[in-house]
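**Q** A single structure is presented below for examination.
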2 protein chains.
Amino acid sequence: MTLSLLFPVGSVRCASRQIGLFGDVAFSRSSRRAGAMRIVATLLVCLTMAAPVHAQRTAPTHAIIPAPQRVDLARTGSFTITDSTPVVIAANAGEEVERIGRRLATMLGPGAPRAPRRIAARAAVPPNAIQLVIDEDNDDAGAEGYQIDVRTGSVRISAREPAGLFYGVQTLRQLLPASVEHRAALSRTLTLPVGKIEDAPRYTWRGAMLDVARHFLPLDDVKRYVDVMALYKLNVLHLHLADDQGWRIEIMSRPNLTRHGGSTQVGGGPGGFYTQAQYTELVEYAQARNVMIVPEIDMPGHTNAALASYPELTCDGVAPPLYTGIRVGFSALCPSKESTYAFVEDIVRELAAITPGPYIHLGGDEVEKLTHTEYLRFIERVERIVRTEGKNMIGWGEIAPANLDPGTLVQHWRSDARASRDSAYLHAERGGMIILSPGNRTYLDMKYDANTILGLRWAGMISVEHAYSWEPATFLARVPERAVIGVEAPLWSETLEKRSDYEFLAFPRLIAIAELGWSQRNKRAWSDFRTRLAEHGPRLQAMGVNFYRSPEIPWK
Amino acid sequence: MTLSLLFPVGSVRCASRQIGLFGDVAFSRSSRRAGAMRIVATLLVCLTMAAPVHAQRTAPTHAIIPAPQRVDLARTGSFTITDSTPVVIAANAGEEVERIGRRLATMLGPGAPRAPRRIAARAAVPPNAIQLVIDEDNDDAGAEGYQIDVRTGSVRISAREPAGLFYGVQTLRQLLPASVEHRAALSRTLTLPVGKIEDAPRYTWRGAMLDVARHFLPLDDVKRYVDVMALYKLNVLHLHLADDQGWRIEIMSRPNLTRHGGSTQVGGGPGGFYTQAQYTELVEYAQARNVMIVPEIDMPGHTNAALASYPELTCDGVAPPLYTGIRVGFSALCPSKESTYAFVEDIVRELAAITPGPYIHLGGDEVEKLTHTEYLRFIERVERIVRTEGKNMIGWGEIAPANLDPGTLVQHWRSDARASRDSAYLHAERGGMIILSPGNRTYLDMKYDANTILGLRWAGMISVEHAYSWEPATFLARVPERAVIGVEAPLWSETLEKRSDYEFLAFPRLIAIAELGWSQRNKRAWSDFRTRLAEHGPRLQAMGVNFYRSPEIPWK
């Protein structure tokens, strides 16, 4: 027996996080009495936990990812969910709250979908109910935060916005055993520990990117990705919709983009694309899970599929053949032809019309066929097109030296070979915000280690620990913390053919990135994260996620 | 360090299987010289392997499942597959061989699908080719057997029938690393060990059953199941297409069966059904993988979905409501009404027309609403309907006491509570054949152990070892070995909602059943099987199969 068996994981947390003992004490961040009790309780727990396991008094722990701001679970007491546990919302609750309540009720019950029960403002909450409360004065919660209060006879999730309620439900889900993911399982036991949680995100941008261009990924598979993102409180799905090897979004005014440009993929398979109706379906599916869709059409490079479909976009007017290899840098829209900008206007106009979120991503990376000046003028001109359509542009790090609007976002992915190192700071200096997607930390298509069959290795191999163990606020020396809008993990698909391939590389590393995006710096520690992550194995398997059982994690 | 590390797995096989040393020795079951050399070589290998590992002379082993009849891998030498390795078939090879060759070539190459190369009968085989040979005089192979001969400069798979070639390719696939399952992976290395394999199945019926009635499973998910079945040389997929909770196959003459009867499922979800066109697509997909589809419409019990759709099938003419629970035994077609048999004729006629295989399964299990005599007469009458349509009937064990045609198959699943124990023997006595699906060994919906969330436990909990460790030939005391046509593992879906749920319960236990059905009795041993199965973890994950990592298996 090793030391770690004698002193279980919970005990090492005493130094780094507050583990409190709560019964029915009123809980409020402004309550001094509660605060004092919490400190006493924490001391008590830590002292108790210093005793060996055979004392059978292990402390309550949790495996919530991302780590919440504050978790205070009681050492005794629980709330038991039965077939008749009502989910309660206010009589005047809006459609979003209704939907969150319905999905919670359905998840907890065994049979047909269930609706939440509406109760009048002054009516008593029925006993043993789970109540979802919107409190517009709840400024502690912010736009995405929430509070959970579990007692033996009631559960209350409160938030300022529906997004917060949604995330409160995700936390509740993680407090329940993995069997909650199997609605048809028989005689499952769903109990919640008594306690309180206060939570809100660190960053507003917590993103993932899917490259559906190199290989096409069907709509249903993208939805499954959104499902897992939502569980881990990620809120941006960036879709890389066009590249040299394929065009994946219907553009009504340019039908050959999908008809021809979408007809193949890396390796020569059949490719595919989303109709605008399918895209809209995805936007709504994601919205219901607090995930914003950001469409990317990469330009002026990474455009072979477009050039093959519309020869007027090339300087010599000759359409290249479709491309199914994995080289980069060889294609470019012709920067000196007006037909190029008419094309960009068509694309941006149609995308803006079906994208409720405020962003259109126009790529801008790895351009080798234009002079640097041509490149910068191109970026500035297409940025104006995006703004004319009422959206903000996003571009990869290379765009930073252009004369950008401060409302544009720059997505850092590597040092810029053309300009000074990490030119993202130029954008920060003009008041712009930076998305952090450093290749050597967040690129999910890098191999885990030398034994990984899938993926690439140009940015290095990225273990789960390596993906987790970095600090966004200080990552780019010349970019101050206030200029970091958040983090995003791209998954490029040169080697990926099916959903299980994507999942193998994304999980669990995307879960590590999710914690970087959500959790406060002082709540993050690798040793603690890996212990919590270990508990997620059965849940991910219950969800059918083909995650990599990294030997770094002591999987359950 | 333990004993098992000092003496690796291969060494324990010396007692139970022949591991030979082959270079370029001519290989034939009738060659005495080769036989003698094989014995000498085996002795040599076993003696060598008795030395500790540090001698660095470990024997070649394999992880092929099901275990082939004979495997002789050389201790040195390999055949390396490159992008230009040709797959060669005869100039006059038929469509099936062409298809097998195309799929092999495509699997081995990185890019677009590749066709095999056809060569004339007397032409030289190009060097470094993989040749697929049909030899109609190859009686050693039988209908599904094959031989593989890997040399450093050539690979040859020969068989009497295309089915044998298909299985030879599956064995070849298992000799290659898991990276063969990832066609888009970069710089994968595919090498085959030099050696020879002779193989043929023990049983002609190696089946799996999916209950798509309790919960509906979309067509694509069924195809994924067929993919895994094919890798393990299973050749029958029995679809349980109707039960109390849902009707899942379009019947043109009875459209309300799917419109109403297919509209829900256990728990009240939306249900679903296959159109006849989709069914035909599945039949062809399965045929291309040597899997026969056997459709089952359970009757006279398990028919609530039909009764709810056509009230003339009930004795009182009143349609019951749709049912979404999990009880059994409460429904029955009215045995005394001619409208019942007109209905059965419609069903069987339409199913027979779209089912090229010779079998229609009509259930017959768990009937509580008829007298025993009514039940037997019903079974005899519907059997005649099946025979009139040119097919053979299959029924669950309860049908055995009826006066059955010897061409009917009886599927044993448990002791028959009405008749004498294991009444299947009655059918064996009349010359009929028995499919073995004992619930306490082959029912994949039984939990693995008390911690399994999904599944049921009425037939006991079934570990992988328990599923593996029984002998079909002697399982039913009064049924002689010659009356056993094979084995089949049913997966009932009361608790299963999605593909990953089905896979979790099916794999790896279905793989154990596959070995029972294919491998000779003296080639089977749990300790050897679990070691081979351990090597299949990365391959199953590469295929995206959500298998259960049972702690019984030392997974790689």
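The way I read the labels, and the way they are meant: chains A, B, ... in the order of the structure tokens, residue 1 as the first residue of every chain, and ligand 1 as the first ligand shown, with later ones counted on from there.
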Within 6 Å of chain A, which residues belong to chain B? Use only C-alpha atoms and report them as an NGL selection string.

**A** :B and (111-112 or 184-185 or 267-268 or 454 or 495 or 500 or 544)

**Q** Any chance you can output those residues with N, CA, C and O atoms as a compact mmCIF listing (two decimals), in the first residue's frame?

**A**
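Now in again-v3.txt:
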# COMPACT_ATOMS: atom_id res chain seq x y z
N GLY B 111 -4.59 6.69 -50.42
CA GLY B 111 -5.40 7.72 -51.05
C GLY B 111 -6.73 7.22 -51.55
O GLY B 111 -7.50 6.58 -50.83
N ALA B 112 -7.02 7.51 -52.79
CA ALA B 112 -8.30 7.18 -53.39
C ALA B 112 -8.47 5.67 -53.47
O ALA B 112 -7.50 4.91 -53.42
N ALA B 184 -6.12 7.28 -43.44
CA ALA B 184 -5.57 8.63 -43.65
C ALA B 184 -4.37 8.92 -42.75
O ALA B 184 -3.78 9.99 -42.84
N ALA B 185 -4.02 7.97 -41.88
CA ALA B 185 -2.87 8.20 -41.01
C ALA B 185 -1.61 8.32 -41.85
O ALA B 185 -1.47 7.65 -42.88
N GLY B 267 -39.77 3.53 -23.40
CA GLY B 267 -39.52 4.86 -22.85
C GLY B 267 -40.29 5.95 -23.55
O GLY B 267 -40.32 7.08 -23.08
N GLY B 268 -40.89 5.61 -24.72
CA GLY B 268 -41.73 6.61 -25.38
C GLY B 268 -41.04 7.47 -26.41
O GLY B 268 -41.59 8.48 -26.85
N LEU B 454 -25.80 -0.55 -17.89
CA LEU B 454 -26.75 -1.01 -18.90
C LEU B 454 -27.09 -2.49 -18.70
O LEU B 454 -26.39 -3.21 -18.00
N THR B 495 -32.65 -1.54 -22.58
CA THR B 495 -31.93 -0.45 -21.90
C THR B 495 -30.99 0.30 -22.84
O THR B 495 -30.21 1.14 -22.39
N SER B 500 -23.43 3.34 -29.32
CA SER B 500 -22.38 3.08 -28.34
C SER B 500 -22.89 2.21 -27.19
O SER B 500 -22.10 1.47 -26.59
N GLY B 544 -13.51 2.77 -33.86
CA GLY B 544 -14.54 3.58 -33.20
C GLY B 544 -15.56 2.75 -32.46
O GLY B 544 -16.67 3.22 -32.22

**Q** Hey, what does DSSP flag as helix (DSSP H, G or I) within stretch 253-433 of chain B? Can you give it to me as an MDAnalysis selection string?

**A** chainID B and resid 256:259 266:268 276:287 304:309 311:313 338:354 372:388 397:399 424:429

**Q** Could you write those residues out with C-alpha atoms, as a PDB file, in the first residue's frame?

**A**
ATOM      1  CA  ASN B 256     -50.177   0.954 -40.455  1.00  0.00           C
ATOM      2  CA  LEU B 257     -47.640  -1.456 -38.950  1.00  0.00           C
ATOM      3  CA  THR B 258     -44.872   1.077 -39.377  1.00  0.00           C
ATOM      4  CA  ARG B 259     -46.994   4.252 -39.464  1.00  0.00           C
ATOM      5  CA  VAL B 266     -39.362   1.676 -24.915  1.00  0.00           C
ATOM      6  CA  GLY B 267     -39.524   4.860 -22.847  1.00  0.00           C
ATOM      7  CA  GLY B 268     -41.734   6.612 -25.381  1.00  0.00           C
ATOM      8  CA  GLN B 276     -37.911  -2.159 -47.759  1.00  0.00           C
ATOM      9  CA  ALA B 277     -35.335  -0.243 -49.806  1.00  0.00           C
ATOM     10  CA  GLN B 278     -33.207   0.313 -46.702  1.00  0.00           C
ATOM     11  CA  TYR B 279     -33.592  -3.327 -45.719  1.00  0.00           C
ATOM     12  CA  THR B 280     -32.409  -4.349 -49.175  1.00  0.00           C
ATOM     13  CA  GLU B 281     -29.464  -1.973 -48.864  1.00  0.00           C
ATOM     14  CA  LEU B 282     -28.570  -3.678 -45.592  1.00  0.00           C
ATOM     15  CA  VAL B 283     -28.977  -7.154 -47.080  1.00  0.00           C
ATOM     16  CA  GLU B 284     -26.518  -6.234 -49.834  1.00  0.00           C
ATOM     17  CA  TYR B 285     -24.095  -4.532 -47.455  1.00  0.00           C
ATOM     18  CA  ALA B 286     -24.107  -7.633 -45.278  1.00  0.00           C
ATOM     19  CA  GLN B 287     -23.817 -10.022 -48.236  1.00  0.00           C
ATOM     20  CA  ASN B 304     -48.624  -5.547 -29.293  1.00  0.00           C
ATOM     21  CA  ALA B 305     -47.328  -3.153 -31.956  1.00  0.00           C
ATOM     22  CA  ALA B 306     -49.131  -5.203 -34.626  1.00  0.00           C
ATOM     23  CA  LEU B 307     -52.316  -5.530 -32.562  1.00  0.00           C
ATOM     24  CA  ALA B 308     -52.323  -1.770 -31.964  1.00  0.00           C
ATOM     25  CA  SER B 309     -52.069  -1.215 -35.718  1.00  0.00           C
ATOM     26  CA  PRO B 311     -57.427  -4.569 -34.452  1.00  0.00           C
ATOM     27  CA  GLU B 312     -58.674  -7.501 -36.554  1.00  0.00           C
ATOM     28  CA  LEU B 313     -55.690  -9.439 -35.194  1.00  0.00           C
ATOM     29  CA  GLU B 338     -58.486 -16.412 -40.300  1.00  0.00           C
ATOM     30  CA  SER B 339     -57.541 -12.744 -40.453  1.00  0.00           C
ATOM     31  CA  THR B 340     -54.497 -13.663 -38.352  1.00  0.00           C
ATOM     32  CA  TYR B 341     -53.208 -16.092 -40.956  1.00  0.00           C
ATOM     33  CA  ALA B 342     -53.954 -13.701 -43.819  1.00  0.00           C
ATOM     34  CA  PHE B 343     -51.825 -11.226 -41.934  1.00  0.00           C
ATOM     35  CA  VAL B 344     -48.993 -13.734 -41.461  1.00  0.00           C
ATOM     36  CA  GLU B 345     -49.169 -14.586 -45.168  1.00  0.00           C
ATOM     37  CA  ASP B 346     -48.802 -10.926 -46.095  1.00  0.00           C
ATOM     38  CA  ILE B 347     -45.831 -10.492 -43.779  1.00  0.00           C
ATOM     39  CA  VAL B 348     -44.031 -13.654 -44.805  1.00  0.00           C
ATOM     40  CA  ARG B 349     -44.651 -13.093 -48.513  1.00  0.00           C
ATOM     41  CA  GLU B 350     -43.198  -9.582 -48.424  1.00  0.00           C
ATOM     42  CA  LEU B 351     -40.261 -10.560 -46.220  1.00  0.00           C
ATOM     43  CA  ALA B 352     -39.446 -13.573 -48.381  1.00  0.00           C
ATOM     44  CA  ALA B 353     -39.405 -11.369 -51.462  1.00  0.00           C
ATOM     45  CA  ILE B 354     -36.708  -9.060 -50.061  1.00  0.00           C
ATOM     46  CA  HIS B 372     -50.430 -25.053 -25.293  1.00  0.00           C
ATOM     47  CA  THR B 373     -52.447 -26.815 -27.983  1.00  0.00           C
ATOM     48  CA  GLU B 374     -53.483 -23.521 -29.586  1.00  0.00           C
ATOM     49  CA  TYR B 375     -49.864 -22.507 -29.542  1.00  0.00           C
ATOM     50  CA  LEU B 376     -48.591 -25.679 -31.222  1.00  0.00           C
ATOM     51  CA  ARG B 377     -51.229 -25.565 -33.942  1.00  0.00           C
ATOM     52  CA  PHE B 378     -50.418 -21.898 -34.574  1.00  0.00           C
ATOM     53  CA  ILE B 379     -46.721 -22.688 -34.971  1.00  0.00           C
ATOM     54  CA  GLU B 380     -47.420 -25.557 -37.340  1.00  0.00           C
ATOM     55  CA  ARG B 381     -49.704 -23.417 -39.477  1.00  0.00           C
ATOM     56  CA  VAL B 382     -47.305 -20.479 -39.781  1.00  0.00           C
ATOM     57  CA  GLU B 383     -44.463 -22.891 -40.519  1.00  0.00           C
ATOM     58  CA  ARG B 384     -46.473 -24.073 -43.534  1.00  0.00           C
ATOM     59  CA  ILE B 385     -46.852 -20.444 -44.635  1.00  0.00           C
ATOM     60  CA  VAL B 386     -43.090 -19.980 -44.511  1.00  0.00           C
ATOM     61  CA  ARG B 387     -42.499 -23.156 -46.481  1.00  0.00           C
ATOM     62  CA  THR B 388     -45.087 -22.116 -49.058  1.00  0.00           C
ATOM     63  CA  GLY B 397     -36.858 -23.059 -28.331  1.00  0.00           C
ATOM     64  CA  GLU B 398     -40.541 -23.187 -27.337  1.00  0.00           C
ATOM     65  CA  ILE B 399     -41.516 -24.328 -30.850  1.00  0.00           C
ATOM     66  CA  ALA B 424     -34.774 -28.680 -28.399  1.00  0.00           C
ATOM     67  CA  TYR B 425     -33.813 -32.355 -28.369  1.00  0.00           C
ATOM     68  CA  LEU B 426     -37.247 -33.187 -29.766  1.00  0.00           C
ATOM     69  CA  HIS B 427     -36.252 -31.358 -32.909  1.00  0.00           C
ATOM     70  CA  ALA B 428     -32.860 -33.027 -33.040  1.00  0.00           C
ATOM     71  CA  GLU B 429     -34.636 -36.387 -32.849  1.00  0.00           C
TER      72      GLU B 429
END

**Q** Which of stretch 457-493 of chain B end up as strand (DSSP E) when DSSP is run on this backbone - answer as a list in words?

**A**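 Matching residues for strand (DSSP E) in stretch 457-493 of chain B are Val484, Ile485, Gly486, Val487, Glu488, Ala489, Pro490 and Leu491 of chain B.
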
**Q** Please dump the current selection as a JSON list (two decimals), in the first residue's frame; keep N, CA and C atoms.

**A**
[["chain", "number", "residue", "atom", "x", "y", "z"],
["B", 484, "VAL", "N", -26.13, -29.61, -33.91],
["B", 484, "VAL", "CA", -25.83, -28.20, -33.59],
["B", 484, "VAL", "C", -25.33, -27.51, -34.86],
["B", 485, "ILE", "N", -26.11, -26.55, -35.35],
["B", 485, "ILE", "CA", -25.69, -25.84, -36.56],
["B", 485, "ILE", "C", -24.74, -24.70, -36.22],
["B", 486, "GLY", "N", -24.79, -24.26, -34.97],
["B", 486, "GLY", "CA", -23.87, -23.21, -34.56],
["B", 486, "GLY", "C", -24.38, -22.42, -33.37],
["B", 487, "VAL", "N", -23.83, -21.22, -33.22],
["B", 487, "VAL", "CA", -24.13, -20.40, -32.05],
["B", 487, "VAL", "C", -24.60, -19.02, -32.52],
["B", 488, "GLU", "N", -25.35, -18.36, -31.65],
["B", 488, "GLU", "CA", -25.79, -17.00, -31.97],
["B", 488, "GLU", "C", -25.94, -16.22, -30.67],
["B", 489, "ALA", "N", -25.48, -14.97, -30.69],
["B", 489, "ALA", "CA", -25.54, -14.13, -29.49],
["B", 489, "ALA", "C", -26.54, -13.00, -29.69],
["B", 490, "PRO", "N", -27.69, -13.07, -29.01],
["B", 490, "PRO", "CA", -28.70, -12.00, -29.13],
["B", 490, "PRO", "C", -28.37, -10.81, -28.23],
["B", 491, "LEU", "N", -28.76, -9.64, -28.71],
["B", 491, "LEU", "CA", -28.62, -8.42, -27.91],
["B", 491, "LEU", "C", -29.98, -7.74, -27.87]]

**Q** Can you tell me, as a list in words, what residues are no more than 8 Å from B:Ser463 when counting only C-alpha atoms, ignoring any on the same chain fewer than 6 positions away?

**A** Lys447, Tyr448, Asp449 and Arg509 of chain B

**Q** One decimal, Å: what's the distance from atom CA of B:Arg118 over to atom CA of B:Val71, could you say?

**A**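 Here the two named atoms are 28.7 Å from each other.
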
**Q** Contacts of A:Glu471 at 10 Å or less, counting only C-alpha atoms, minus same-chain residues fewer than 5 places along, as a PyMOL selection string?

**A** chain A and resi 476+516-517+521+524

**Q** Name the residues in contact with B:Leu172 at a cut-off of 12 Å, using only C-alpha atoms, excluding same-chain residues fewer than 3 positions from it; report them as a PDB file with C-alpha atoms, in the first residue's frame.

**A**
ATOM      1  CA  HIS B  62      -0.286 -13.917 -33.275  1.00  0.00           C
ATOM      2  CA  ALA B  63      -3.465 -12.396 -31.977  1.00  0.00           C
ATOM      3  CA  ILE B  64      -5.876 -13.673 -34.606  1.00  0.00           C
ATOM      4  CA  ILE B  65      -9.494 -14.050 -33.455  1.00  0.00           C
ATOM      5  CA  PRO B  68      -7.365 -20.332 -37.001  1.00  0.00           C
ATOM      6  CA  PHE B  79       6.447  -8.777 -46.270  1.00  0.00           C
ATOM      7  CA  ILE B  81       3.251  -3.238 -47.866  1.00  0.00           C
ATOM      8  CA  LEU B 104      -8.219  -4.914 -49.721  1.00  0.00           C
ATOM      9  CA  MET B 107      -7.516  -0.572 -47.123  1.00  0.00           C
ATOM     10  CA  LEU B 108      -3.792  -0.931 -47.724  1.00  0.00           C
ATOM     11  CA  ILE B 130      -0.813  -9.817 -52.796  1.00  0.00           C
ATOM     12  CA  LEU B 132      -6.209 -13.572 -54.277  1.00  0.00           C
ATOM     13  CA  TYR B 146      -8.841 -20.173 -46.839  1.00  0.00           C
ATOM     14  CA  GLN B 147      -5.091 -20.509 -46.845  1.00  0.00           C
ATOM     15  CA  ILE B 148      -2.573 -17.691 -46.521  1.00  0.00           C
ATOM     16  CA  ASP B 149       1.069 -17.938 -47.588  1.00  0.00           C
ATOM     17  CA  VAL B 150       3.200 -14.916 -46.743  1.00  0.00           C
ATOM     18  CA  VAL B 155       1.463 -12.960 -50.368  1.00  0.00           C
ATOM     19  CA  ARG B 156      -1.079 -15.466 -51.566  1.00  0.00           C
ATOM     20  CA  ILE B 157      -4.584 -15.998 -50.215  1.00  0.00           C
ATOM     21  CA  LEU B 165     -11.036 -15.070 -49.661  1.00  0.00           C
ATOM     22  CA  PHE B 166     -12.994 -12.516 -47.682  1.00  0.00           C
ATOM     23  CA  TYR B 167     -12.067 -14.288 -44.458  1.00  0.00           C
ATOM     24  CA  GLY B 168      -8.455 -14.615 -45.552  1.00  0.00           C
ATOM     25  CA  VAL B 169      -8.402 -10.845 -45.935  1.00  0.00           C
ATOM     26  CA  LEU B 175      -1.873  -9.710 -38.849  1.00  0.00           C
ATOM     27  CA  LEU B 176      -1.301  -6.033 -39.617  1.00  0.00           C
ATOM     28  CA  PRO B 177      -1.015  -3.371 -36.906  1.00  0.00           C
ATOM     29  CA  ALA B 178      -4.060  -1.361 -35.815  1.00  0.00           C
ATOM     30  CA  VAL B 180      -4.338  -0.395 -40.982  1.00  0.00           C
ATOM     31  CA  LEU B 190       2.372  -2.159 -42.672  1.00  0.00           C
ATOM     32  CA  THR B 191       4.359  -5.387 -42.496  1.00  0.00           C
ATOM     33  CA  LEU B 192       3.213  -8.976 -42.414  1.00  0.00           C
ATOM     34  CA  PRO B 193       5.166 -11.771 -40.772  1.00  0.00           C
ATOM     35  CA  VAL B 194       6.327 -14.541 -43.109  1.00  0.00           C
ATOM     36  CA  GLY B 195       4.307 -17.680 -42.499  1.00  0.00           C
ATOM     37  CA  LYS B 196       1.369 -19.830 -43.411  1.00  0.00           C
ATOM     38  CA  ILE B 197      -2.153 -20.137 -42.149  1.00  0.00           C
ATOM     39  CA  LEU B 231     -13.800  -8.827 -38.847  1.00  0.00           C
TER      40      LEU B 231
END

**Q** Considering only C-alpha atoms, return as an MDAnalysis selection string whatever protein or nucleic-acid residues lie within 12 Å of B:Arg289, sequence-local ones (same chain, fewer than 3 positions apart) excluded.

**A** chainID B and resid 96:97 99:100 103 144 162:167 169:170 223:237 282:286 292:293

**Q** Could you tell me which of B:Thr189, B:Asp139, B:Ala121, B:Pro66 comes closest to B:Thr82 if we count only C-alpha atoms?

**A**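 For B:Thr82, the nearest of the given residues is B:Thr189.
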
**Q** For B:Ser84, which residue out of B:Pro406, B:Gly432, B:Pro127, B:Gly101 is the nearest one, using only C-alpha atoms?

**A**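 Nearest candidate to B:Ser84 out of B:Pro406, B:Gly432, B:Pro127, B:Gly101: B:Pro127.
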